[in-house]
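Novice: This structure is in structure tokens; I'll ask about it shortly.
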Amino acid sequence: MSASAGATIDAVVDQVDVVADQVVSLVLRRTDGRQFQPWQPGAHIDVHVGDGLVRQYSLCSSPEELDHLRIGVLHVPDSRGGSKAVHALLAGTPLTISEPRNNFPMRESRRYLFLAGGIGITPLIPMLEAAHAAGKEWTLVYGGRSRNTMAFAQQLEDRYGPERIRIIAEDEVGRLDLDQILGMPRAHMLVYACGPGGLLGAVEERCMGWPPGALHTERFVASTLGAAAANAPFEVELARTGTTVTVPNDKTILEAVEEVGVRVLSSCRGGLCGTCETQIISGEPEHRDAVLSEEDREAGEVMLVCVSRAAAGCPRLVLDL
Amino acid sequence: MTVTTHEANVLGEDPFETANLLDPYPFLGRLRDAGAVSYLESTGSYAVAGYQEVYEVLTDFETYISSGGLGPRDIRKDSGWRPPSILESDPPIHTVMRRALTGVINPSTVRALREPFTPPAAELTEQLAQRKTFDAITDLAEKYPLRVFPDAVGIPDVGREHLLPYGNMVFNAFGPENYIFKQAFAQGDEHAAAVMRNCQRENLDDTGFGAQIWKRVEDGLITEQQATLLVRALLSAGVDTTIFGIGNTLSVLARYPEAWAQLRENPKMAKFAVDEALRLESPFQKFHRTVAVDTVLGGVHLPAGAKVLVFLGAANRDPRKWGENADDFDLNRNASGHVAFGMGLHQCVGQPIARLEMEIVLQQLLERVAAIEPDGAPVPILHNVLRGFESLPVRITAA
Ligand code: HEM
Ligand code: FES
């Protein structure tokens, strides 16, 4: 996991609640009593968990309330310390964190389908709150092993009703039926999916039948379950042009490169058509398209710059542009 | 919320009249200027020609559906001349077919075609570079896709002569049943039967896209009938369009010698030239959608069941989107966002193949031809929905 860049904040754990089997929710406040900076749904914070380790945790409180932040943490027995250390925290424990940052921003659209696998629910909670407040048409499909492992499931159902919140507990009704859930694309509907890689791979495959750009995912990598994969802003060096641009977290490589006047051919701008395929000279991409083959993904020689980004821990990509 | 609506502006002009087919742009300009949504008396359909409205119709696939067919008749009421294709379907039927097709035709699989697709283009352009004049359509644009594309799909050699007449039927049927339509359908049954034969699993070689599509039947994703229809979709949508794409690109570049010179200096720009040419002379000019539920577009009330004629070729020249020089070819323009391949759910599956073919032909020609200019007037083809040329005489200077 990358070391966090930027300023840190001294915070204190204000409240610890066990919200599901092996999941705790932590409410954090600043020790200086001030408010946190405004943030948008999808944001996360870095948490310094000791021994130089930094983990990213998605925020699941409301962006309307800036006097505290809430994160949900899954305890994973074999993870490298992160969530275990966080689980050991008691109310009153000081904690070093970052300001909220957003690598999973929510785009404006008319309809939303939220799809959560397990602890992947956390970044979606502020998103569905925002969709609801804006009067959008939306539903959440939330899958997990059993109800008692599914954090916030009951609260969400109580608050928004079973029409909008579909809880799919494997021990009751089986696994998420993705063919059924994703079998009927809707116009101007964005899919925000968050969960383990296996689930998201299956979601991506089905979204090949959706319009380009419909699917937005955030992958929880196995070693950091409960923590969002880090993909902070990064740099792209344009080898042929001889310039370097910074890609902020709310822009795609394509957008950032176009802004400095460099031409990249594009069409769907949603990771489906392949028109924007670009050669990678060095650096490791995180493929977010729905179409490149497994071999292409592993080879890491090309990427679709309209959606894909630099991998966690890769601060700089060199592209043949 | 109440939306104030006004009546669509009624237009007496017929987009399918011979003069408007041979030279569509003056009419398209008038149509765009008439308002966001017009009503065409001649076809009994609504029409959209501005970029914004065309984009809205293409992306709102629930309101503007495809299962009514891309022609002027509603094939839901009045079954069409063939079982509906992926192009004429909506979710959830479209969803599985598209998933199957995208799994087969995608950037990863198409990249592998560059190697087999290059030598035929080198050979054809090498022969043409020996000559002072040639016909860019009959000697090149028509020849090249037929040399490479049927092989990529994996169909047998016998029956390939039916591909062009069949494509001609399929696309002309997106317009009214006028004399052009009737001519295209003259030996219709024979062409259709020959193409359908080539869609059967046993007639496809084991490596092409056709066989890959049939594999998805084994995976349980699609039915045998859907596999047949998907192979048919490739064969009907993948030949004429690309021929016209190549021809139109050359027709434009023959008129812009500075652009040719610039491309000679920097052949890597070939793909941008192709993109801008697709915007300016879009091969697939127009097709219909069907209004699924009463709706309002551009302030005009559209009743359920109405047909909307979507003018891609006009949206691609809308000055509000492309600026005052929208009618000019500009190699430095960022043409990204053009709708020559459609937009959204039904956006062309064959796009990477089409772009690859077009780029390869152009690059091979650039290597061997120092200058290209018109050698007499091009002859536009009389076609209900495609824009292209029957003949495009050019004079060249070999490199
Ligand atoms: C320059 C060449 C081409 C142009 C201009 C073109 C244009 C288009 C357009 C505008 C659409 C969208 C139609 C709609 O929205 O209803 C489309 C769809 C389609 N095209 Fe192409 N096309 C070209 C080449 C190809 C090739 C080479 C293939 C086959 C490999 C192909 C196969 C298809 C198919 C199967 C669809 C239907 C997709 C769907 O409904 O989801 N096209 N094409
Ligand atoms: S532009 Fe279509 S995949 Fe990037």
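Lettering and numbering for the structure tokens are positional, with chains as A, B, ... in the shown order, residues counted from 1 in each chain, and ligands counted from 1 in the shown order.
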Pull out every residue of chain B sitting within 8 Å of chain A, counting only C-alpha atoms, and send them as a ChimeraX atom specification.
Specialist: /B:59-62,91-92,94-99,102-103,106-108,271-272,334,336-338,343-347,349,351-352
Novice: Go through the chains and note each residue within 6 Å of ligand 1, using only C-alpha atoms and all ligand atoms, then give the set as a PyMOL selection string.
Specialist: chain B and resi 86-87+98+233-234+237-238+241-242+245+283-284+340-342+346-351+353-354
Novice: Store the residues of this selection in a file with all heavy atoms, as a compact mmCIF listing (two decimals), in the first residue's frame.
Specialist:
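Written file, result28.txt:
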```
# COMPACT_ATOMS: atom_id res chain seq x y z
N ILE B 86 -29.75 -7.83 -34.19
CA ILE B 86 -29.34 -7.12 -32.98
C ILE B 86 -29.66 -5.64 -33.09
O ILE B 86 -30.07 -4.99 -32.12
CB ILE B 86 -27.82 -7.36 -32.70
CG1 ILE B 86 -27.37 -6.57 -31.47
CG2 ILE B 86 -26.96 -7.02 -33.90
CD1 ILE B 86 -25.95 -6.88 -31.01
N LEU B 87 -29.50 -5.12 -34.29
CA LEU B 87 -29.77 -3.71 -34.56
C LEU B 87 -31.23 -3.37 -34.32
O LEU B 87 -31.58 -2.24 -34.01
CB LEU B 87 -29.44 -3.48 -36.04
CG LEU B 87 -29.00 -2.12 -36.53
CD1 LEU B 87 -27.77 -1.68 -35.80
CD2 LEU B 87 -28.74 -2.19 -38.03
N ARG B 98 -25.51 -8.52 -27.56
CA ARG B 98 -24.41 -7.56 -27.57
C ARG B 98 -23.24 -8.09 -26.72
O ARG B 98 -22.07 -7.93 -27.07
CB ARG B 98 -24.90 -6.22 -27.03
CG ARG B 98 -23.87 -5.13 -27.01
CD ARG B 98 -23.59 -4.61 -28.41
NE ARG B 98 -22.39 -3.81 -28.44
CZ ARG B 98 -22.21 -2.74 -29.20
NH1 ARG B 98 -23.13 -2.34 -30.03
NH2 ARG B 98 -21.07 -2.08 -29.18
N ALA B 233 -25.56 -10.41 -38.91
CA ALA B 233 -25.39 -8.98 -38.65
C ALA B 233 -24.01 -8.51 -39.10
O ALA B 233 -23.88 -7.44 -39.70
CB ALA B 233 -25.58 -8.69 -37.16
N LEU B 234 -22.98 -9.31 -38.83
CA LEU B 234 -21.64 -8.92 -39.26
C LEU B 234 -21.59 -8.84 -40.78
O LEU B 234 -21.04 -7.88 -41.34
CB LEU B 234 -20.60 -9.94 -38.80
CG LEU B 234 -20.44 -10.14 -37.30
CD1 LEU B 234 -19.21 -11.00 -37.03
CD2 LEU B 234 -20.31 -8.81 -36.59
N ALA B 237 -23.79 -5.78 -41.95
CA ALA B 237 -23.43 -4.42 -41.52
C ALA B 237 -21.97 -4.09 -41.77
O ALA B 237 -21.57 -2.94 -41.68
CB ALA B 237 -23.73 -4.24 -40.03
N GLY B 238 -21.16 -5.10 -42.09
CA GLY B 238 -19.71 -4.89 -42.07
C GLY B 238 -19.04 -4.63 -43.39
O GLY B 238 -17.86 -4.32 -43.43
N THR B 241 -20.71 -0.54 -45.41
CA THR B 241 -20.36 0.61 -44.59
C THR B 241 -18.87 0.93 -44.71
O THR B 241 -18.48 2.08 -44.85
CB THR B 241 -20.67 0.31 -43.12
OG1 THR B 241 -20.17 -1.00 -42.82
CG2 THR B 241 -22.14 0.38 -42.83
N THR B 242 -18.05 -0.12 -44.66
CA THR B 242 -16.61 0.11 -44.68
C THR B 242 -16.15 0.53 -46.08
O THR B 242 -15.26 1.38 -46.22
CB THR B 242 -15.88 -1.18 -44.24
OG1 THR B 242 -16.57 -1.72 -43.12
CG2 THR B 242 -14.46 -0.88 -43.84
N GLY B 245 -16.94 3.99 -46.23
CA GLY B 245 -16.04 4.72 -45.33
C GLY B 245 -14.70 5.00 -46.01
O GLY B 245 -14.17 6.12 -45.93
N PRO B 283 -20.83 7.50 -43.61
CA PRO B 283 -21.40 6.49 -44.50
C PRO B 283 -22.85 6.13 -44.16
O PRO B 283 -23.67 5.97 -45.04
CB PRO B 283 -20.48 5.27 -44.28
CG PRO B 283 -19.20 5.84 -43.77
CD PRO B 283 -19.59 7.04 -42.96
N PHE B 284 -23.15 6.00 -42.88
CA PHE B 284 -24.52 5.66 -42.46
C PHE B 284 -25.17 7.00 -42.08
O PHE B 284 -24.92 7.54 -41.02
CB PHE B 284 -24.45 4.71 -41.26
CG PHE B 284 -25.69 3.88 -41.02
CD1 PHE B 284 -25.69 2.88 -40.06
CD2 PHE B 284 -26.85 4.09 -41.75
CE1 PHE B 284 -26.81 2.09 -39.83
CE2 PHE B 284 -27.99 3.30 -41.53
CZ PHE B 284 -27.96 2.31 -40.57
N ALA B 340 -20.96 9.05 -36.32
CA ALA B 340 -20.93 8.22 -37.54
C ALA B 340 -21.08 6.73 -37.20
O ALA B 340 -21.60 5.96 -38.01
CB ALA B 340 -19.65 8.46 -38.32
N PHE B 341 -20.64 6.33 -36.02
CA PHE B 341 -20.82 4.94 -35.59
C PHE B 341 -21.99 4.82 -34.61
O PHE B 341 -22.12 3.82 -33.89
CB PHE B 341 -19.56 4.42 -34.90
CG PHE B 341 -18.40 4.17 -35.85
CD1 PHE B 341 -17.29 5.00 -35.84
CD2 PHE B 341 -18.42 3.10 -36.73
CE1 PHE B 341 -16.23 4.78 -36.71
CE2 PHE B 341 -17.36 2.86 -37.59
CZ PHE B 341 -16.26 3.70 -37.59
N GLY B 342 -22.83 5.83 -34.53
CA GLY B 342 -23.90 5.83 -33.55
C GLY B 342 -23.35 6.25 -32.20
O GLY B 342 -22.24 6.76 -32.09
N HIS B 346 -26.35 0.98 -28.94
CA HIS B 346 -26.19 0.26 -30.21
C HIS B 346 -24.94 0.70 -30.96
O HIS B 346 -24.77 0.34 -32.13
CB HIS B 346 -27.41 0.48 -31.10
CG HIS B 346 -28.65 -0.22 -30.61
ND1 HIS B 346 -28.95 -1.52 -30.92
CD2 HIS B 346 -29.66 0.22 -29.81
CE1 HIS B 346 -30.10 -1.85 -30.35
NE2 HIS B 346 -30.55 -0.81 -29.66
N GLN B 347 -24.08 1.49 -30.32
CA GLN B 347 -22.92 1.99 -31.06
C GLN B 347 -22.20 0.83 -31.73
O GLN B 347 -22.04 -0.25 -31.17
CB GLN B 347 -21.95 2.75 -30.15
CG GLN B 347 -20.96 3.57 -30.98
CD GLN B 347 -19.91 4.30 -30.16
OE1 GLN B 347 -19.38 3.74 -29.21
NE2 GLN B 347 -19.61 5.53 -30.52
N CYS B 348 -21.77 1.09 -32.95
CA CYS B 348 -21.24 0.05 -33.84
C CYS B 348 -20.27 -0.93 -33.17
O CYS B 348 -19.23 -0.53 -32.65
CB CYS B 348 -20.54 0.73 -35.00
SG CYS B 348 -19.95 -0.43 -36.23
N VAL B 349 -20.60 -2.20 -33.23
CA VAL B 349 -19.71 -3.23 -32.71
C VAL B 349 -18.47 -3.36 -33.59
O VAL B 349 -17.39 -3.71 -33.12
CB VAL B 349 -20.40 -4.62 -32.73
CG1 VAL B 349 -19.49 -5.67 -32.15
CG2 VAL B 349 -21.69 -4.60 -31.99
N GLY B 350 -18.66 -3.10 -34.87
CA GLY B 350 -17.57 -3.31 -35.82
C GLY B 350 -16.61 -2.14 -35.89
O GLY B 350 -15.66 -2.16 -36.69
N GLN B 351 -16.85 -1.14 -35.06
CA GLN B 351 -16.03 0.07 -35.12
C GLN B 351 -14.52 -0.19 -35.16
O GLN B 351 -13.83 0.36 -36.02
CB GLN B 351 -16.41 1.00 -33.96
CG GLN B 351 -15.54 2.20 -33.87
CD GLN B 351 -16.03 3.28 -32.92
OE1 GLN B 351 -15.51 4.34 -32.94
NE2 GLN B 351 -17.01 3.04 -32.09
N ILE B 353 -12.92 -2.74 -36.21
CA ILE B 353 -12.55 -3.37 -37.48
C ILE B 353 -12.59 -2.34 -38.60
O ILE B 353 -11.68 -2.25 -39.43
CB ILE B 353 -13.51 -4.53 -37.84
CG1 ILE B 353 -13.54 -5.55 -36.71
CG2 ILE B 353 -13.11 -5.19 -39.15
CD1 ILE B 353 -14.45 -6.72 -36.97
N ALA B 354 -13.66 -1.55 -38.61
CA ALA B 354 -13.80 -0.55 -39.66
C ALA B 354 -12.65 0.45 -39.61
O ALA B 354 -12.04 0.78 -40.62
CB ALA B 354 -15.14 0.18 -39.51
```
Novice: Could you check the closest approach to Leu21 in chain B for each of B:Ala261, B:Ile180, B:Val148, B:Cys199 and tell me which residue wins, using only C-alpha atoms?
Specialist: B:Ile180
Novice: Got a sec to tell me which of range 21-234 of chain A DSSP assigns to strand (DSSP E), as a VMD selection string?
Specialist: chain A and resid 23 to 30 43 to 50 53 to 58 69 to 74 94 to 97 101 to 102 111 to 117 137 to 144 165 to 169 189 to 196 215 to 220 234
Novice: If I take CA of Ala43 in chain A and CA of Leu176 in chain A, how far is one from the other in Å, to one decimal?
Specialist: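 Computing the Euclidean distance for CA of Ala43 in chain A and CA of Leu176 in chain A yields 25.6 Å.
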Novice: Give me, as a PyMOL selection string, all polymer residues having an atom no more than 10 Å from Ala315 in chain B, counting only C-alpha atoms and skipping those fewer than 2 positions away in the same chain.
Specialist: chain B and resi 28+32+48-55+279-280+285+310-313+317-322+338-340
Novice: Export, as an mmCIF file, in the first residue's frame, the selected residues with N, CA, C and O atoms.
Specialist:
```cif
data_model
loop_
_atom_site.group_PDB
_atom_site.id
_atom_site.type_symbol
_atom_site.label_atom_id
_atom_site.label_comp_id
_atom_site.auth_asym_id
_atom_site.auth_seq_id
_atom_site.Cartn_x
_atom_site.Cartn_y
_atom_site.Cartn_z
ATOM 1 N N LEU B 28 -30.160 18.892 -45.650
ATOM 2 C CA LEU B 28 -29.915 18.702 -44.212
ATOM 3 C C LEU B 28 -29.739 20.034 -43.494
ATOM 4 O O LEU B 28 -30.173 20.197 -42.357
ATOM 5 N N ARG B 32 -32.091 21.242 -40.424
ATOM 6 C CA ARG B 32 -31.557 21.682 -39.134
ATOM 7 C C ARG B 32 -32.085 23.054 -38.772
ATOM 8 O O ARG B 32 -32.461 23.315 -37.635
ATOM 9 N N VAL B 48 -34.995 14.452 -36.659
ATOM 10 C CA VAL B 48 -34.048 15.241 -35.868
ATOM 11 C C VAL B 48 -32.717 15.311 -36.605
ATOM 12 O O VAL B 48 -32.240 14.300 -37.124
ATOM 13 N N ALA B 49 -32.148 16.510 -36.654
ATOM 14 C CA ALA B 49 -30.924 16.707 -37.428
ATOM 15 C C ALA B 49 -29.869 17.478 -36.648
ATOM 16 O O ALA B 49 -28.726 17.575 -37.090
ATOM 17 N N GLY B 50 -30.237 18.024 -35.488
ATOM 18 C CA GLY B 50 -29.258 18.749 -34.682
ATOM 19 C C GLY B 50 -28.496 17.766 -33.795
ATOM 20 O O GLY B 50 -29.039 16.730 -33.404
ATOM 21 N N TYR B 51 -27.254 18.097 -33.484
ATOM 22 C CA TYR B 51 -26.432 17.177 -32.699
ATOM 23 C C TYR B 51 -27.087 16.820 -31.369
ATOM 24 O O TYR B 51 -27.164 15.667 -30.978
ATOM 25 N N GLN B 52 -27.583 17.851 -30.691
ATOM 26 C CA GLN B 52 -28.116 17.620 -29.346
ATOM 27 C C GLN B 52 -29.302 16.660 -29.354
ATOM 28 O O GLN B 52 -29.368 15.738 -28.533
ATOM 29 N N GLU B 53 -30.212 16.849 -30.291
ATOM 30 C CA GLU B 53 -31.396 15.986 -30.346
ATOM 31 C C GLU B 53 -31.029 14.578 -30.819
ATOM 32 O O GLU B 53 -31.558 13.586 -30.322
ATOM 33 N N VAL B 54 -30.118 14.511 -31.787
ATOM 34 C CA VAL B 54 -29.697 13.197 -32.273
ATOM 35 C C VAL B 54 -29.042 12.419 -31.132
ATOM 36 O O VAL B 54 -29.331 11.240 -30.909
ATOM 37 N N TYR B 55 -28.211 13.107 -30.374
ATOM 38 C CA TYR B 55 -27.532 12.471 -29.242
ATOM 39 C C TYR B 55 -28.555 11.961 -28.225
ATOM 40 O O TYR B 55 -28.458 10.841 -27.723
ATOM 41 N N ARG B 279 -16.752 11.944 -39.882
ATOM 42 C CA ARG B 279 -17.652 12.991 -39.417
ATOM 43 C C ARG B 279 -18.261 13.727 -40.609
ATOM 44 O O ARG B 279 -19.472 13.917 -40.696
ATOM 45 N N LEU B 280 -17.398 14.119 -41.532
ATOM 46 C CA LEU B 280 -17.824 14.987 -42.623
ATOM 47 C C LEU B 280 -18.680 14.248 -43.647
ATOM 48 O O LEU B 280 -19.650 14.791 -44.161
ATOM 49 N N GLN B 285 -25.982 7.522 -42.986
ATOM 50 C CA GLN B 285 -26.494 8.882 -42.832
ATOM 51 C C GLN B 285 -27.701 8.974 -41.911
ATOM 52 O O GLN B 285 -27.865 9.961 -41.202
ATOM 53 N N VAL B 310 -33.544 9.739 -37.702
ATOM 54 C CA VAL B 310 -32.377 10.297 -37.020
ATOM 55 C C VAL B 310 -31.278 10.549 -38.054
ATOM 56 O O VAL B 310 -30.783 9.599 -38.664
ATOM 57 N N PHE B 311 -30.921 11.791 -38.249
ATOM 58 C CA PHE B 311 -29.943 12.135 -39.288
ATOM 59 C C PHE B 311 -28.537 12.277 -38.692
ATOM 60 O O PHE B 311 -28.110 13.365 -38.316
ATOM 61 N N LEU B 312 -27.827 11.155 -38.642
ATOM 62 C CA LEU B 312 -26.465 11.176 -38.103
ATOM 63 C C LEU B 312 -25.591 12.132 -38.900
ATOM 64 O O LEU B 312 -24.800 12.899 -38.352
ATOM 65 N N GLY B 313 -25.730 12.055 -40.209
ATOM 66 C CA GLY B 313 -24.885 12.846 -41.106
ATOM 67 C C GLY B 313 -25.102 14.343 -40.926
ATOM 68 O O GLY B 313 -24.199 15.144 -41.206
ATOM 69 N N ARG B 317 -22.531 17.577 -38.837
ATOM 70 C CA ARG B 317 -22.186 18.852 -39.462
ATOM 71 C C ARG B 317 -22.922 20.006 -38.794
ATOM 72 O O ARG B 317 -23.038 21.089 -39.376
ATOM 73 N N ASP B 318 -23.424 19.778 -37.604
ATOM 74 C CA ASP B 318 -24.162 20.829 -36.912
ATOM 75 C C ASP B 318 -23.187 21.915 -36.454
ATOM 76 O O ASP B 318 -22.314 21.653 -35.619
ATOM 77 N N PRO B 319 -23.339 23.147 -36.955
ATOM 78 C CA PRO B 319 -22.395 24.210 -36.570
ATOM 79 C C PRO B 319 -22.393 24.493 -35.069
ATOM 80 O O PRO B 319 -21.386 24.939 -34.526
ATOM 81 N N ARG B 320 -23.529 24.214 -34.402
ATOM 82 C CA ARG B 320 -23.555 24.465 -32.952
ATOM 83 C C ARG B 320 -22.613 23.523 -32.218
ATOM 84 O O ARG B 320 -22.155 23.817 -31.120
ATOM 85 N N LYS B 321 -22.337 22.384 -32.813
ATOM 86 C CA LYS B 321 -21.406 21.449 -32.183
ATOM 87 C C LYS B 321 -19.994 21.607 -32.754
ATOM 88 O O LYS B 321 -19.015 21.518 -32.023
ATOM 89 N N TRP B 322 -19.915 21.843 -34.066
ATOM 90 C CA TRP B 322 -18.609 21.758 -34.722
ATOM 91 C C TRP B 322 -18.068 23.106 -35.171
ATOM 92 O O TRP B 322 -16.985 23.190 -35.728
ATOM 93 N N HIS B 338 -18.310 12.549 -32.694
ATOM 94 C CA HIS B 338 -19.183 12.409 -33.872
ATOM 95 C C HIS B 338 -19.985 11.106 -33.745
ATOM 96 O O HIS B 338 -19.595 10.185 -33.024
ATOM 97 N N VAL B 339 -21.100 11.074 -34.452
ATOM 98 C CA VAL B 339 -21.998 9.927 -34.289
ATOM 99 C C VAL B 339 -22.033 9.043 -35.539
ATOM 100 O O VAL B 339 -23.011 8.340 -35.776
ATOM 101 N N ALA B 340 -20.959 9.046 -36.323
ATOM 102 C CA ALA B 340 -20.929 8.220 -37.537
ATOM 103 C C ALA B 340 -21.085 6.735 -37.198
ATOM 104 O O ALA B 340 -21.596 5.962 -38.007
#
```
Novice: Find the residues around Ser251 in chain B up to 8 Å (only C-alpha atoms counted), leave out those fewer than 3 positions away in its own chain, and share them as a list in words.
Specialist: Gly247, Asn248, Ala254, Arg255, Pro374, Pro378 and Leu392 of chain B
Novice: Can you check which residues of range 290-365 of chain B DSSP gives as helix (DSSP H, G or I) on the backbone and send them as a JSON list (two decimals) with N, CA and C atoms, in the first residue's frame?
Specialist:
```json
[["chain", "number", "residue", "atom", "x", "y", "z"],
["B", 312, "LEU", "N", -27.83, 11.15, -38.64],
["B", 312, "LEU", "CA", -26.46, 11.18, -38.10],
["B", 312, "LEU", "C", -25.59, 12.13, -38.90],
["B", 313, "GLY", "N", -25.73, 12.05, -40.21],
["B", 313, "GLY", "CA", -24.89, 12.85, -41.11],
["B", 313, "GLY", "C", -25.10, 14.34, -40.93],
["B", 314, "ALA", "N", -26.29, 14.73, -40.46],
["B", 314, "ALA", "CA", -26.56, 16.15, -40.21],
["B", 314, "ALA", "C", -26.00, 16.57, -38.86],
["B", 315, "ALA", "N", -26.17, 15.70, -37.86],
["B", 315, "ALA", "CA", -25.63, 16.00, -36.53],
["B", 315, "ALA", "C", -24.12, 16.20, -36.63],
["B", 319, "PRO", "N", -23.34, 23.15, -36.96],
["B", 319, "PRO", "CA", -22.40, 24.21, -36.57],
["B", 319, "PRO", "C", -22.39, 24.49, -35.07],
["B", 320, "ARG", "N", -23.53, 24.21, -34.40],
["B", 320, "ARG", "CA", -23.56, 24.46, -32.95],
["B", 320, "ARG", "C", -22.61, 23.52, -32.22],
["B", 321, "LYS", "N", -22.34, 22.38, -32.81],
["B", 321, "LYS", "CA", -21.41, 21.45, -32.18],
["B", 321, "LYS", "C", -19.99, 21.61, -32.75],
["B", 322, "TRP", "N", -19.92, 21.84, -34.07],
["B", 322, "TRP", "CA", -18.61, 21.76, -34.72],
["B", 322, "TRP", "C", -18.07, 23.11, -35.17],
["B", 344, "GLY", "N", -23.87, 5.27, -27.72],
["B", 344, "GLY", "CA", -24.63, 4.59, -26.67],
["B", 344, "GLY", "C", -24.82, 3.11, -26.94],
["B", 345, "LEU", "N", -25.98, 2.60, -26.56],
["B", 345, "LEU", "CA", -26.23, 1.16, -26.51],
["B", 345, "LEU", "C", -25.92, 0.42, -27.81],
["B", 346, "HIS", "N", -26.35, 0.98, -28.94],
["B", 346, "HIS", "CA", -26.19, 0.26, -30.21],
["B", 346, "HIS", "C", -24.94, 0.70, -30.96],
["B", 351, "GLN", "N", -16.85, -1.14, -35.06],
["B", 351, "GLN", "CA", -16.03, 0.07, -35.12],
["B", 351, "GLN", "C", -14.52, -0.19, -35.16],
["B", 352, "PRO", "N", -13.97, -1.03, -34.27],
["B", 352, "PRO", "CA", -12.52, -1.22, -34.33],
["B", 352, "PRO", "C", -12.08, -1.87, -35.64],
["B", 353, "ILE", "N", -12.92, -2.74, -36.21],
["B", 353, "ILE", "CA", -12.55, -3.37, -37.48],
["B", 353, "ILE", "C", -12.59, -2.34, -38.60],
["B", 354, "ALA", "N", -13.66, -1.55, -38.61],
["B", 354, "ALA", "CA", -13.80, -0.55, -39.66],
["B", 354, "ALA", "C", -12.65, 0.45, -39.61],
["B", 355, "ARG", "N", -12.34, 0.90, -38.41],
["B", 355, "ARG", "CA", -11.24, 1.88, -38.28],
["B", 355, "ARG", "C", -9.93, 1.26, -38.73],
["B", 356, "LEU", "N", -9.72, 0.01, -38.36],
["B", 356, "LEU", "CA", -8.48, -0.67, -38.74],
["B", 356, "LEU", "C", -8.35, -0.74, -40.26],
["B", 357, "GLU", "N", -9.42, -1.20, -40.92],
["B", 357, "GLU", "CA", -9.37, -1.32, -42.38],
["B", 357, "GLU", "C", -9.10, 0.04, -43.02],
["B", 358, "MET", "N", -9.81, 1.05, -42.54],
["B", 358, "MET", "CA", -9.68, 2.37, -43.15],
["B", 358, "MET", "C", -8.28, 2.94, -42.93],
["B", 359, "GLU", "N", -7.76, 2.75, -41.73],
["B", 359, "GLU", "CA", -6.43, 3.29, -41.44],
["B", 359, "GLU", "C", -5.36, 2.58, -42.27],
["B", 360, "ILE", "N", -5.47, 1.27, -42.37],
["B", 360, "ILE", "CA", -4.46, 0.51, -43.11],
["B", 360, "ILE", "C", -4.45, 0.94, -44.58],
["B", 361, "VAL", "N", -5.61, 1.03, -45.20],
["B", 361, "VAL", "CA", -5.66, 1.42, -46.61],
["B", 361, "VAL", "C", -5.03, 2.80, -46.79],
["B", 362, "LEU", "N", -5.41, 3.71, -45.92],
["B", 362, "LEU", "CA", -4.87, 5.06, -46.07],
["B", 362, "LEU", "C", -3.36, 5.09, -45.86],
["B", 363, "GLN", "N", -2.88, 4.39, -44.85],
["B", 363, "GLN", "CA", -1.43, 4.40, -44.60],
["B", 363, "GLN", "C", -0.66, 3.79, -45.76],
["B", 364, "GLN", "N", -1.20, 2.71, -46.32],
["B", 364, "GLN", "CA", -0.51, 2.06, -47.44],
["B", 364, "GLN", "C", -0.50, 2.96, -48.66],
["B", 365, "LEU", "N", -1.59, 3.69, -48.85],
["B", 365, "LEU", "CA", -1.67, 4.61, -49.98],
["B", 365, "LEU", "C", -0.71, 5.79, -49.79]]
```
Novice: Between A:Glu65, A:Asn102, A:Cys60, A:Gln155, which is the closest to Ala20 in chain A once you count only C-alpha atoms?
Specialist: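 Once distances to Ala20 in chain A are computed over only C-alpha atoms, the minimum belongs to A:Gln155.
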Novice: Can you tell me, as a ChimeraX atom specification, what residues are no more than 8 Å from Ile71 in chain A when counting only C-alpha atoms, ignoring any on the same chain fewer than 3 positions away?
Specialist: /A:25-27,57-61,122
Novice: Which distance in Å separates CA of Ile372 in chain B and CA of Ala335 in chain B, to one decimal?
Specialist: 23.3 Å
Novice: Write out as a list in words each polymer residue whose atoms come within 10 Å of Asn249 in chain A, counting only C-alpha atoms; drop sequence neighbours fewer than 6 positions from it.
Specialist: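 These residues fall inside the cut-off: Arg101, Asn102, Asn103, Phe104, Pro105, Asn231, Ala232, Pro233, Phe234 and Arg309 of chain A.
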Novice: So, counting only C-alpha atoms and all ligand atoms, which residue among A:Glu259, A:Glu172, A:Asp67, A:Asp289 is closest to ligand 2?
Specialist: A:Asp289
Novice: Give me the residues near Asp14 in chain A as a ChimeraX atom specification, where near means some atom within 12 Å (using only C-alpha atoms) and where sequence neighbours in that chain fewer than 4 positions away do not count.
Specialist: /A:25-31,33,67-71,89-95
Novice: Which one is closest to ligand 2: A:Cys314, A:Val260, A:Leu254, A:Ala299? Count only C-alpha atoms and all ligand atoms.
Specialist: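 That would be A:Leu254, the residue with the smallest distance to ligand 2.
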Novice: Could you state the separation of CA of Gly242 in chain A and CA of Glu367 in chain B in Å, given to one decimal place?
Specialist: 26.5 Å
